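Enquirer: My structure file work.txt, compact mmCIF, C-alpha atoms, is below:
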# COMPACT_ATOMS: atom_id res chain seq x y z
CA MET A 1 92.12 82.20 105.58
CA LYS A 2 92.29 78.45 105.22
CA GLU A 3 95.79 76.92 105.39
CA PHE A 4 97.13 75.67 102.07
CA ASP A 5 100.18 73.93 100.68
CA TYR A 6 102.42 76.20 98.67
CA PHE A 7 104.32 75.21 95.55
CA ARG A 8 106.74 77.36 93.62
CA PRO A 9 107.81 75.49 90.48
CA SER A 10 111.11 76.63 89.00
CA SER A 11 110.26 75.87 85.37
CA LEU A 12 107.19 75.76 83.17
CA ASP A 13 107.69 72.02 82.63
CA GLU A 14 107.69 71.42 86.37
CA CYS A 15 104.59 73.60 86.67
CA LEU A 16 102.73 71.66 83.95
CA LYS A 17 103.53 68.36 85.67
CA LEU A 18 102.35 69.73 88.98
CA LEU A 19 99.07 70.98 87.49
CA ASP A 20 98.55 67.62 85.80
CA GLN A 21 99.07 65.73 89.07
CA MET A 22 96.71 67.98 90.97
CA ARG A 23 93.98 68.08 88.30
CA GLY A 24 91.78 70.87 89.51
CA ARG A 25 92.91 70.73 93.12
CA ALA A 26 95.36 73.59 92.60
CA ARG A 27 94.92 77.29 92.17
CA ILE A 28 97.51 79.27 90.25
CA LEU A 29 98.87 82.41 91.92
CA ALA A 30 100.45 85.12 89.76
CA GLY A 31 100.41 88.67 91.18
CA GLY A 32 97.81 87.72 93.77
CA THR A 33 96.11 91.12 93.89
CA ASP A 34 92.72 89.51 93.40
CA LEU A 35 93.30 85.94 94.58
CA LEU A 36 94.68 86.87 98.00
CA VAL A 37 91.67 89.06 98.77
CA ARG A 38 89.31 86.23 97.90
CA LEU A 39 91.32 83.68 99.91
CA LYS A 40 91.49 86.00 102.87
CA HIS A 41 87.74 86.57 102.99
CA ASP A 42 87.14 82.84 102.51
CA MET A 43 85.28 83.59 99.29
CA ILE A 44 87.31 80.70 97.94
CA ARG A 45 89.18 77.96 99.79
CA GLU A 46 92.12 76.16 98.29
CA ASP A 47 94.23 73.18 99.34
CA ASN A 48 97.12 73.91 97.01
CA ILE A 49 98.52 77.16 95.66
CA VAL A 50 100.95 77.03 92.76
CA ASP A 51 102.93 80.29 92.67
CA ILE A 52 104.13 80.91 89.12
CA GLY A 53 105.51 84.36 89.94
CA ARG A 54 109.12 83.29 89.39
CA LEU A 55 108.66 81.62 85.99
CA ASP A 56 110.70 84.01 83.84
CA GLU A 57 109.61 82.18 80.69
CA LEU A 58 106.08 83.49 81.33
CA HIS A 59 107.21 87.08 81.64
CA GLY A 60 107.85 89.86 79.13
CA VAL A 61 106.83 91.31 75.77
CA HIS A 62 108.21 90.58 72.33
CA VAL A 63 107.15 91.28 68.76
CA ASP A 64 107.09 88.54 66.16
CA GLY A 65 105.81 89.25 62.66
CA GLY A 66 102.69 91.36 62.98
CA ASP A 67 101.92 90.30 66.53
CA VAL A 68 102.83 91.53 69.97
CA HIS A 69 103.31 88.56 72.28
CA ILE A 70 102.58 89.42 75.88
CA ALA A 71 103.52 86.72 78.35
CA PRO A 72 100.93 86.32 81.12
CA LEU A 73 103.10 87.44 84.04
CA THR A 74 103.72 90.84 82.45
CA THR A 75 102.31 93.42 84.83
CA HIS A 76 99.89 96.15 83.80
CA ASN A 77 102.53 98.80 84.42
CA GLU A 78 105.11 96.95 82.35
CA ILE A 79 102.65 97.04 79.45
CA VAL A 80 102.01 100.75 80.02
CA GLU A 81 105.76 101.42 80.00
CA SER A 82 106.62 99.06 77.13
CA GLY A 83 107.49 100.76 73.85
CA LEU A 84 106.60 97.53 72.05
CA CYS A 85 103.03 97.87 73.31
CA ASP A 86 102.64 101.19 71.48
CA GLU A 87 101.49 98.95 68.64
CA VAL A 88 98.52 97.80 70.74
CA PRO A 89 97.35 101.21 72.01
CA VAL A 90 93.84 100.33 73.14
CA LEU A 91 95.23 97.61 75.39
CA LYS A 92 97.80 100.03 76.72
CA LYS A 93 95.06 102.51 77.62
CA ALA A 94 93.11 99.80 79.39
CA CYS A 95 96.15 98.68 81.40
CA ALA A 96 96.79 102.27 82.48
CA GLN A 97 93.32 102.37 84.05
CA VAL A 98 93.49 99.15 86.05
CA GLY A 99 93.41 99.58 89.82
CA SER A 100 96.10 101.83 91.27
CA PRO A 101 99.88 102.13 90.77
CA GLN A 102 100.42 99.53 93.49
CA ILE A 103 98.01 97.11 91.81
CA ARG A 104 99.38 97.77 88.32
CA ASN A 105 102.89 97.04 89.60
CA ARG A 106 101.88 93.66 90.97
CA GLY A 107 98.81 92.54 89.03
CA THR A 108 99.44 90.67 85.78
CA ILE A 109 97.61 90.72 82.47
CA GLY A 110 97.34 86.93 82.62
CA GLY A 111 95.62 87.18 85.97
CA ASN A 112 93.23 89.83 84.69
CA VAL A 113 92.34 87.57 81.75
CA VAL A 114 91.95 84.17 83.45
CA ASN A 115 90.07 85.66 86.39
CA ALA A 116 87.38 86.12 83.75
CA SER A 117 85.75 88.92 85.68
CA PRO A 118 82.99 90.54 83.61
CA ALA A 119 84.61 93.84 84.71
CA GLY A 120 88.19 92.93 83.74
CA ASP A 121 89.59 96.01 82.00
CA THR A 122 92.03 94.30 79.65
CA ILE A 123 89.43 91.92 78.20
CA PRO A 124 87.37 94.26 75.95
CA ALA A 125 90.62 95.83 74.76
CA LEU A 126 92.10 92.45 73.87
CA SER A 127 88.88 91.53 72.11
CA VAL A 128 88.85 94.54 69.76
CA HIS A 129 92.54 94.02 69.06
CA GLY A 130 91.64 90.50 67.86
CA ALA A 131 93.81 88.80 70.48
CA HIS A 132 94.27 85.07 70.89
CA VAL A 133 95.38 83.19 73.97
CA LYS A 134 97.70 80.21 74.01
CA LEU A 135 96.94 77.54 76.58
CA LYS A 136 99.36 74.79 77.46
CA SER A 137 99.23 71.54 79.37
CA ILE A 138 101.31 68.41 79.60
CA ASP A 139 99.15 67.09 76.73
CA GLY A 140 100.04 69.91 74.32
CA GLU A 141 99.01 73.44 73.49
CA ARG A 142 96.15 75.22 71.72
CA THR A 143 95.46 78.77 70.68
CA ILE A 144 91.93 80.20 70.77
CA PRO A 145 90.35 83.63 70.21
CA ILE A 146 90.10 85.46 73.51
CA GLU A 147 86.29 85.58 73.41
CA GLU A 148 86.18 81.77 73.39
CA LEU A 149 88.09 81.63 76.65
CA PHE A 150 85.15 82.92 78.67
CA THR A 151 82.15 80.76 79.49
CA GLY A 152 80.64 82.86 82.29
CA PRO A 153 81.53 85.21 85.12
CA GLY A 154 84.75 83.87 86.61
CA ARG A 155 84.58 80.83 84.35
CA THR A 156 86.83 79.86 81.47
CA ALA A 157 87.14 77.10 78.92
CA MET A 158 90.54 76.14 80.38
CA ARG A 159 91.01 72.47 81.20
CA ASP A 160 91.97 71.65 84.75
CA ASN A 161 95.61 71.01 83.85
CA GLU A 162 96.05 73.97 81.51
CA ILE A 163 97.85 77.23 82.02
CA LEU A 164 97.83 80.45 79.97
CA VAL A 165 101.28 80.85 78.40
CA ASP A 166 100.93 83.62 75.82
CA ILE A 167 98.62 86.43 74.75
CA VAL A 168 98.99 87.16 71.06
CA VAL A 169 97.82 90.62 70.03
CA PRO A 170 97.95 91.70 66.36
CA THR A 171 99.56 95.12 66.00
CA ILE A 172 97.17 97.89 65.06
CA ALA A 173 97.05 98.44 61.31
CA ASN A 174 98.03 101.68 59.65
CA GLY A 175 95.09 104.06 59.80
CA GLU A 176 93.33 102.25 62.62
CA ILE A 177 92.28 104.32 65.59
CA GLY A 178 90.56 103.41 68.82
CA PHE A 179 89.79 104.11 72.43
CA PHE A 180 89.20 102.47 75.78
CA LYS A 181 86.88 104.10 78.25
CA LYS A 182 85.96 103.06 81.72
CA LEU A 183 83.40 104.34 84.14
CA GLY A 184 84.19 103.69 87.79
CA GLN A 185 82.96 105.25 91.00
CA ARG A 186 86.16 107.29 91.06
CA ASN A 187 89.31 107.51 88.95
CA ALA A 188 91.70 105.43 91.01
CA MET A 189 91.26 101.91 92.25
CA ALA A 190 87.72 101.53 90.99
CA ILE A 191 86.25 98.39 89.53
CA SER A 192 84.57 99.18 86.23
CA ILE A 193 80.86 99.91 86.37
CA VAL A 194 81.04 99.58 82.62
CA ASN A 195 83.90 99.76 80.15
CA ILE A 196 84.16 99.84 76.38
CA ALA A 197 86.86 99.35 73.79
CA VAL A 198 86.59 100.37 70.14
CA ILE A 199 88.90 100.09 67.15
CA LEU A 200 87.95 101.64 63.80
CA SER A 201 89.56 101.57 60.45
CA MET A 202 88.52 104.95 59.09
CA ASN A 203 89.51 106.93 56.04
CA ARG A 204 90.72 110.23 57.47
CA SER A 205 89.45 112.44 54.65
CA SER A 206 86.15 110.80 53.68
CA LYS A 207 85.50 109.64 57.29
CA ILE A 208 84.08 106.44 55.89
CA ILE A 209 84.49 103.65 58.44
CA GLU A 210 85.78 100.58 56.67
CA ARG A 211 85.75 98.24 59.65
CA ALA A 212 84.81 98.51 63.30
CA ALA A 213 85.24 96.46 66.45
CA VAL A 214 83.24 97.29 69.58
CA ALA A 215 83.48 95.35 72.87
CA VAL A 216 81.73 96.16 76.13
CA GLY A 217 82.73 94.89 79.55
CA SER A 218 80.91 94.72 82.87
CA ALA A 219 77.63 94.77 81.00
CA ALA A 220 76.96 91.04 80.56
CA PRO A 221 78.19 87.76 82.09
CA THR A 222 81.27 87.96 79.87
CA VAL A 223 82.73 90.54 77.52
CA ILE A 224 80.42 91.09 74.54
CA ARG A 225 81.11 92.13 71.00
CA CYS A 226 78.48 94.37 69.42
CA ILE A 227 78.46 92.68 66.03
CA GLU A 228 75.29 94.39 64.83
CA VAL A 229 76.79 97.79 65.56
CA GLU A 230 80.08 96.82 63.94
CA ASN A 231 78.25 95.76 60.77
CA LEU A 232 76.08 98.86 60.82
CA MET A 233 79.14 101.12 60.85
CA ALA A 234 81.20 99.17 58.31
CA GLY A 235 81.31 100.87 54.92
CA SER A 236 79.42 103.95 56.04
CA ARG A 237 79.99 107.42 57.33
CA ILE A 238 78.48 108.73 60.55
CA ASP A 239 77.36 112.12 59.29
CA SER A 240 75.65 113.60 62.32
CA ALA A 241 75.54 113.50 66.10
CA GLU A 242 71.97 112.17 65.80
CA ARG A 243 73.18 109.23 63.74
CA LEU A 244 75.98 108.54 66.24
CA TRP A 245 73.44 108.56 69.06
CA GLU A 246 71.21 106.12 67.15
CA ILE A 247 74.13 103.74 66.91
CA ALA A 248 74.95 104.24 70.59
CA MET A 249 71.37 103.27 71.43
CA LYS A 250 71.92 99.95 69.70
CA ILE A 251 74.78 99.28 72.11
CA ARG A 252 72.49 100.10 75.00
CA ASP A 253 69.97 97.58 73.68
CA ARG A 254 72.63 94.93 73.06
CA VAL A 255 74.08 94.76 76.57
CA SER A 256 72.50 92.73 79.37
CA PRO A 257 74.04 93.96 82.61
CA ILE A 258 73.10 93.14 86.18
CA SER A 259 72.30 95.44 89.07
CA ASP A 260 74.75 95.20 91.93
CA VAL A 261 76.36 97.25 94.66
CA ARG A 262 78.18 99.43 92.12
CA ALA A 263 75.36 100.33 89.73
CA SER A 264 71.94 99.39 88.45
CA ALA A 265 71.48 97.47 85.23
CA ARG A 266 69.72 100.41 83.61
CA TYR A 267 72.51 102.82 84.51
CA ARG A 268 75.13 100.44 83.12
CA ALA A 269 73.23 100.11 79.85
CA GLU A 270 72.78 103.89 79.51
CA MET A 271 76.43 104.50 80.32
CA SER A 272 77.68 101.96 77.78
CA ALA A 273 75.97 104.09 75.13
CA ASN A 274 77.30 107.31 76.62
CA LEU A 275 80.90 106.09 76.80
CA PHE A 276 80.66 104.99 73.17
CA TYR A 277 79.22 108.32 72.07
CA GLU A 278 81.86 110.30 73.93
CA GLY A 279 84.74 108.15 72.70
CA MET A 280 83.57 108.31 69.08
CA LEU A 281 83.27 112.09 69.20
CA GLU A 282 86.81 112.30 70.59
CA LEU A 283 88.03 110.16 67.70
CA GLY A 284 86.54 112.74 65.35
CA VAL A 285 84.27 110.36 63.45
CA ILE A 286 81.70 112.99 62.55
CA MET B 1 108.99 77.63 105.35
CA LYS B 2 111.92 80.03 105.52
CA VAL B 3 112.14 83.33 103.64
CA THR B 4 114.92 85.90 103.53
CA TYR B 5 114.58 89.57 102.72
CA ILE B 6 116.76 92.62 102.82
CA ILE B 7 114.58 95.03 104.81
CA ASN B 8 115.80 98.63 104.90
CA GLY B 9 119.28 97.39 104.07
CA LYS B 10 119.41 94.64 106.70
CA LYS B 11 119.19 90.94 105.95
CA GLN B 12 116.31 89.30 107.80
CA GLU B 13 115.14 85.70 107.91
CA PHE B 14 111.67 84.56 108.92
CA ASP B 15 109.94 81.25 109.40
CA ILE B 16 106.49 81.71 107.88
CA SER B 17 103.38 79.77 107.01
CA PRO B 18 102.63 79.64 103.28
CA GLY B 19 99.53 81.79 103.57
CA GLU B 20 101.21 84.61 105.44
CA ILE B 21 100.56 88.07 104.03
CA LEU B 22 103.54 90.40 103.83
CA LEU B 23 101.77 93.19 105.71
CA ASP B 24 101.03 90.92 108.68
CA LEU B 25 104.55 89.51 108.70
CA LEU B 26 106.10 92.97 108.74
CA ARG B 27 103.86 94.33 111.50
CA ASP B 28 104.21 91.17 113.61
CA ASN B 29 107.96 91.68 113.46
CA GLY B 30 108.01 95.27 114.59
CA TYR B 31 107.73 97.19 111.33
CA MET B 32 104.81 99.15 112.70
CA GLU B 33 105.40 101.99 110.25
CA VAL B 34 103.66 99.83 107.64
CA LYS B 35 99.95 100.52 108.13
CA GLY B 36 97.01 98.25 107.45
CA ASP B 37 93.58 99.55 106.62
CA CYS B 38 91.47 98.11 103.81
CA TYR B 39 93.35 94.78 103.53
CA GLU B 40 92.26 94.44 99.92
CA GLY B 41 94.70 96.56 97.99
CA THR B 42 92.55 99.63 97.56
CA CYS B 43 93.81 102.23 100.07
CA GLY B 44 97.61 102.26 99.78
CA ALA B 45 98.30 102.58 103.54
CA CYS B 46 100.28 99.34 103.49
CA THR B 47 102.54 100.38 100.59
CA VAL B 48 106.12 99.11 100.74
CA LEU B 49 108.75 99.15 98.04
CA ILE B 50 109.79 95.78 96.69
CA ASN B 51 112.98 96.26 94.72
CA ASN B 52 112.09 99.96 94.60
CA VAL B 53 108.59 99.42 93.14
CA PRO B 54 105.49 100.28 95.23
CA TYR B 55 103.36 97.27 96.14
CA ALA B 56 100.34 96.88 98.37
CA SER B 57 101.78 94.60 101.07
CA CYS B 58 98.25 93.53 102.11
CA THR B 59 97.76 91.69 98.81
CA THR B 60 101.31 90.35 98.59
CA LEU B 61 102.06 86.83 99.73
CA ALA B 62 105.19 86.88 101.91
CA ALA B 63 106.41 83.63 100.32
CA GLY B 64 106.04 85.09 96.84
CA VAL B 65 108.58 87.88 97.42
CA ASP B 66 111.23 85.69 99.07
CA GLU B 67 114.70 87.21 98.59
CA ALA B 68 113.31 90.64 97.73
CA GLU B 69 114.68 93.96 98.88
CA ILE B 70 111.94 95.63 100.92
CA THR B 71 111.87 99.29 101.86
CA THR B 72 109.55 100.76 104.49
CA VAL B 73 109.31 104.47 105.22
CA LYS B 74 111.90 104.07 107.99
CA GLY B 75 114.33 102.85 105.37
CA LEU B 76 114.36 106.33 103.81
CA GLY B 77 115.28 108.22 106.96
CA ASP B 78 114.30 108.83 110.56
CA ILE B 79 113.56 111.82 112.73
CA ASN B 80 117.25 112.64 113.16
CA ASN B 81 118.09 112.20 109.52
CA PRO B 82 114.94 112.61 107.45
CA HIS B 83 114.92 112.03 103.73
CA PRO B 84 114.07 115.08 101.55
CA VAL B 85 110.62 113.59 100.82
CA GLN B 86 109.98 113.27 104.56
CA GLN B 87 111.26 116.79 105.20
CA ALA B 88 109.05 118.22 102.46
CA PHE B 89 105.95 116.38 103.73
CA ALA B 90 106.51 117.80 107.22
CA LYS B 91 107.23 121.30 105.95
CA PHE B 92 104.17 121.54 103.69
CA GLY B 93 101.66 120.17 106.14
CA ALA B 94 101.11 117.13 103.95
CA VAL B 95 100.51 115.17 107.15
CA GLN B 96 97.49 115.41 109.38
CA CYS B 97 96.64 112.18 111.18
CA GLY B 98 99.63 110.55 109.51
CA TYR B 99 98.12 107.16 108.80
CA CYS B 100 98.44 107.36 105.01
CA THR B 101 101.79 109.16 105.17
CA PRO B 102 104.23 106.23 105.11
CA GLY B 103 102.58 104.90 101.96
CA GLU B 104 102.44 108.30 100.31
CA ILE B 105 106.08 109.02 101.03
CA LEU B 106 107.11 105.67 99.55
CA SER B 107 104.99 106.21 96.42
CA ALA B 108 106.52 109.68 96.03
CA TYR B 109 110.04 108.39 96.60
CA ALA B 110 109.59 105.61 94.01
CA LEU B 111 108.39 108.20 91.49
CA LEU B 112 111.42 110.41 92.13
CA LEU B 113 113.80 107.49 91.68
CA LYS B 114 112.42 107.04 88.17
CA ASP B 115 111.73 110.66 87.33
CA PRO B 116 113.73 113.37 89.15
CA ASP B 117 111.60 116.18 87.72
CA PRO B 118 107.99 115.01 87.51
CA GLY B 119 105.13 117.23 86.39
CA GLU B 120 101.98 117.72 88.43
CA GLU B 121 100.09 115.05 86.47
CA ASP B 122 102.91 112.55 87.05
CA ILE B 123 102.77 113.25 90.77
CA LYS B 124 98.99 112.87 90.90
CA ARG B 125 99.27 109.61 89.02
CA ALA B 126 101.99 108.26 91.28
CA LEU B 127 99.95 109.08 94.40
CA ASP B 128 96.72 107.79 92.87
CA GLY B 129 96.87 104.62 94.94
CA ASN B 130 97.20 106.32 98.32
CA LEU B 131 94.01 107.53 99.92
CA CYS B 132 94.10 110.37 102.43
CA ARG B 133 90.93 111.07 104.38
CA CYS B 134 91.94 114.16 106.31
CA SER B 135 94.51 116.57 104.94
CA GLY B 136 93.50 116.42 101.30
CA TYR B 137 95.85 116.09 98.38
CA MET B 138 97.18 119.51 97.45
CA GLN B 139 99.89 119.69 100.11
CA GLN B 140 101.29 116.33 99.08
CA ILE B 141 101.68 117.50 95.49
CA GLU B 142 103.56 120.62 96.61
CA ALA B 143 105.69 118.51 98.94
CA VAL B 144 106.71 116.14 96.16
CA LYS B 145 107.65 119.05 93.89
CA ILE B 146 109.91 120.52 96.59
CA ALA B 147 111.35 117.13 97.49
CA ALA B 148 112.22 116.62 93.82
CA LYS B 149 114.02 119.94 93.80
CA MET B 150 115.88 119.14 97.02
CA MET B 151 116.95 115.77 95.65
CA ARG B 152 118.10 117.26 92.34
CA GLU B 153 120.12 119.90 94.16
CA ALA B 154 121.65 117.30 96.46
CA GLY B 155 122.79 115.54 93.30
CA ASP B 156 121.87 112.03 94.37
CA ASN B 157 118.67 110.19 95.09
CA GLY B 158 118.83 111.13 98.74
CA ARG B 159 118.81 107.49 99.75
CA VAL B 160 120.16 106.92 103.24
Can you give me the file's structure in the form of structure tokens?
Expert:
Amino acid sequence: MKEFDYFRPSSLDECLKLLDQMRGRARILAGGTDLLVRLKHDMIREDNIVDIGRLDELHGVHVDGGDVHIAPLTTHNEIVESGLCDEVPVLKKACAQVGSPQIRNRGTIGGNVVNASPAGDTIPALSVHGAHVKLKSIDGERTIPIEELFTGPGRTAMRDNEILVDIVVPTIANGEIGFFKKLGQRNAMAISIVNIAVILSMNRSSKIIERAAVAVGSAAPTVIRCIEVENLMAGSRIDSAERLWEIAMKIRDRVSPISDVRASARYRAEMSANLFYEGMLELGVI
Amino acid sequence: MKVTYIINGKKQEFDISPGEILLDLLRDNGYMEVKGDCYEGTCGACTVLINNVPYASCTTLAAGVDEAEITTVKGLGDINNPHPVQQAFAKFGAVQCGYCTPGEILSAYALLLKDPDPGEEDIKRALDGNLCRCSGYMQQIEAVKIAAKMMREAGDNGRV
């Protein structure tokens, strides 16, 4: 690992000033579960590391109005154990499937988001929940929909002096149901081969789906929303397994995964449809 | 730079370089009970407790946990005075080569601190991050159940 200078700002203001001075010559360290591996293997080399781990103002969950605010340093396990996050159940399910207990204790949701990995488990979940992210710099702050944060694998629309300060997740509406499913090479500690998050607003008796949100991860350069499928389901009832499979096939056709060491592109595409089909059956949509 | 920890109840100060990984620091200073294997946070051999929460020390920057309370498996007990979790692991044959054992015992202990009477699923989940490549996983689950019982009967958390 290359030697670096280490900074541990004691307030967000100090951190913002530091990031502004360094302008792209600094890498932010939160939990470090991903960053340290990449530094160690010289996959990335950094001159300056800014450790934000002690910034209490970037830590914790609170509810305000109809939104759950999750500060970026909140760990995956803290989200799993937070009663407040019961209102964002698909995200909670995704957090419970990240890495291993050791990783979930250390790794943060902010890190999972800004890493912008196509396989990041929290990202499809945040997308279907309609989450926004708040970015802040010395120049001011802005809030954007989570999908707009990602410009490519490992790439974000963040400016070089910006930091993620809040993740705003609307609470799930009455009558909304959903799921998060992940396929890995094993249950624990696996990076997603493909993952999918779905939220439906469905009338329990008529089973008519009023509104649907479907996001697939690890199946394209960034998380993708399946808008065509969402529109297809809205206002209709899925009355047979055949119909459900037809819709699942549209997800398969929508994704554009790559082949890599974990799986082939074709397998990923097939499995995105299969995870959707299985999850929808479990929700009792038919 | 200087960092201070409480390791197994004793205050320790180290002069470290900013990039130093906690696992390396601990082993270089004689805490050989902390094992290194994958060095990327996926095997659990290097598990230590930081303020009673299991972390992978191989993906933890030493500087980042300055002032923390760190527990290694030797902090629970030793051969003359083993902790109930250690006793149960020995009794149930939950140890074969022993390399994953320190991490497993710490993960189990952290679970029992939070939940004195965990179900089988809770135990499996708590040990999810610790890979064992020789003895399997059934004996560990039995060991944790018995350790939980021993700790409940002892009426405290069994901490030395």
Enquirer: Please build the interface table for chain A against chain B with a cut-off of 8 Å, listing for each qualifying residue the nearest atom pair and the distance in Å to one decimal; count all atoms listed in the file, order rows by chain and increasing number, and write it as CSV.
Expert:
residue,atom,partner,partner_atom,distance
A:Met1,CA,B:Gly19,CA,7.7
A:Glu3,CA,B:Gly19,CA,6.4
A:Phe4,CA,B:Gly19,CA,6.7
A:Asp5,CA,B:Pro18,CA,6.7
A:Tyr6,CA,B:Pro18,CA,5.8
A:Gly31,CA,B:Thr60,CA,7.7
A:Gly32,CA,B:Thr59,CA,6.4
A:Thr33,CA,B:Thr59,CA,5.2
A:Asp34,CA,B:Thr59,CA,7.7
A:Leu36,CA,B:Thr59,CA,5.8
A:Val37,CA,B:Glu40,CA,5.5
A:Asp51,CA,B:Gly64,CA,7.1
A:Gly53,CA,B:Gly64,CA,7.0
A:Gly99,CA,B:Thr42,CA,7.8
A:Ser100,CA,B:Gly129,CA,4.7
A:Pro101,CA,B:Gly129,CA,5.7
A:Gln102,CA,B:Tyr55,CA,4.6
A:Ile103,CA,B:Tyr55,CA,6.9
A:Asn105,CA,B:Tyr55,CA,6.6
A:Arg106,CA,B:Tyr55,CA,6.5
A:Ala188,CA,B:Asp128,CA,5.9
A:Met189,CA,B:Thr42,CA,5.9
Enquirer: Considering all atoms listed in the file, state which residue in the set A:Lys182, A:His76, A:Arg211, A:Arg38 is at the smallest distance from Arg237 (chain A).
Expert: A:Arg211
Enquirer: Of the candidates A:Ile193, A:Val114, A:Leu126, A:Leu58, which shows the shortest atom-to-atom distance to Val261 (chain A), using only C-alpha atoms?
Expert: A:Ile193
Enquirer: So how far away is CA of Glu69 (chain B) from CA of Gly60 (chain A), in Å?
Expert: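 The value is 21.3 Å.
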Enquirer: Taking the point (76.5, 106.1, 67.2) as given in the file, collect each protein or nucleic acid residue that comes within 10 Å of it, counting all atoms listed in the file, and present the set as a ChimeraX atom specification.
Expert: /A:229,232-233,238-251,273-274,276-278,280-281,285-286
Enquirer: Expressed in Å to a single decimal, how great is the separation between CA of Glu78 (chain A) and CA of Val63 (chain A)?
Expert: 14.9 Å
Enquirer: Would you mind listing what lies within 12 Å of Asn48 (chain A) as a PyMOL selection string, with all atoms listed in the file counted and same-chain residues fewer than 5 positions away left out?
Expert: (chain A and resi 2-8+18-19+21-29+39) or (chain B and resi 18-19)
Enquirer: Rounded to one decimal, what separation in Å do you get between CA of Ile191 (chain A) and CA of Glu120 (chain B)?
Expert: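 Taking CA of Ile191 (chain A) as the start and CA of Glu120 (chain B) as the end point, the length is 24.9 Å.
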Enquirer: Can you tell me, as number ranges by chain, what residues are no more than 7 Å from Ile70 (chain A) when counting only C-alpha atoms, ignoring any on the same chain fewer than 5 positions away?
Expert: A: 60-62, 166-168
Enquirer: Taking (110.4, 75.5, 87.2) as a centre in this file's frame and 10 Å as the limit, can you find every polymer residue with an atom that close, using all atoms listed in the file, and give them as a PyMOL selection string?
Expert: chain A and resi 8-16+52+54-57
Enquirer: Would you kindly return, as a list in words, each protein, DNA or RNA residue with an atom no farther than 7 Å from any atom of region 137-150 of chain B, considering only C-alpha atoms and excluding same-chain residues fewer than 5 positions away?
Expert: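 Answer for this query is Pro84, Val85, Ala88, Phe89, Phe92, Gly93, Ala94, Ala108, Leu112, Pro116, Asp117 and Ile123 of chain B.
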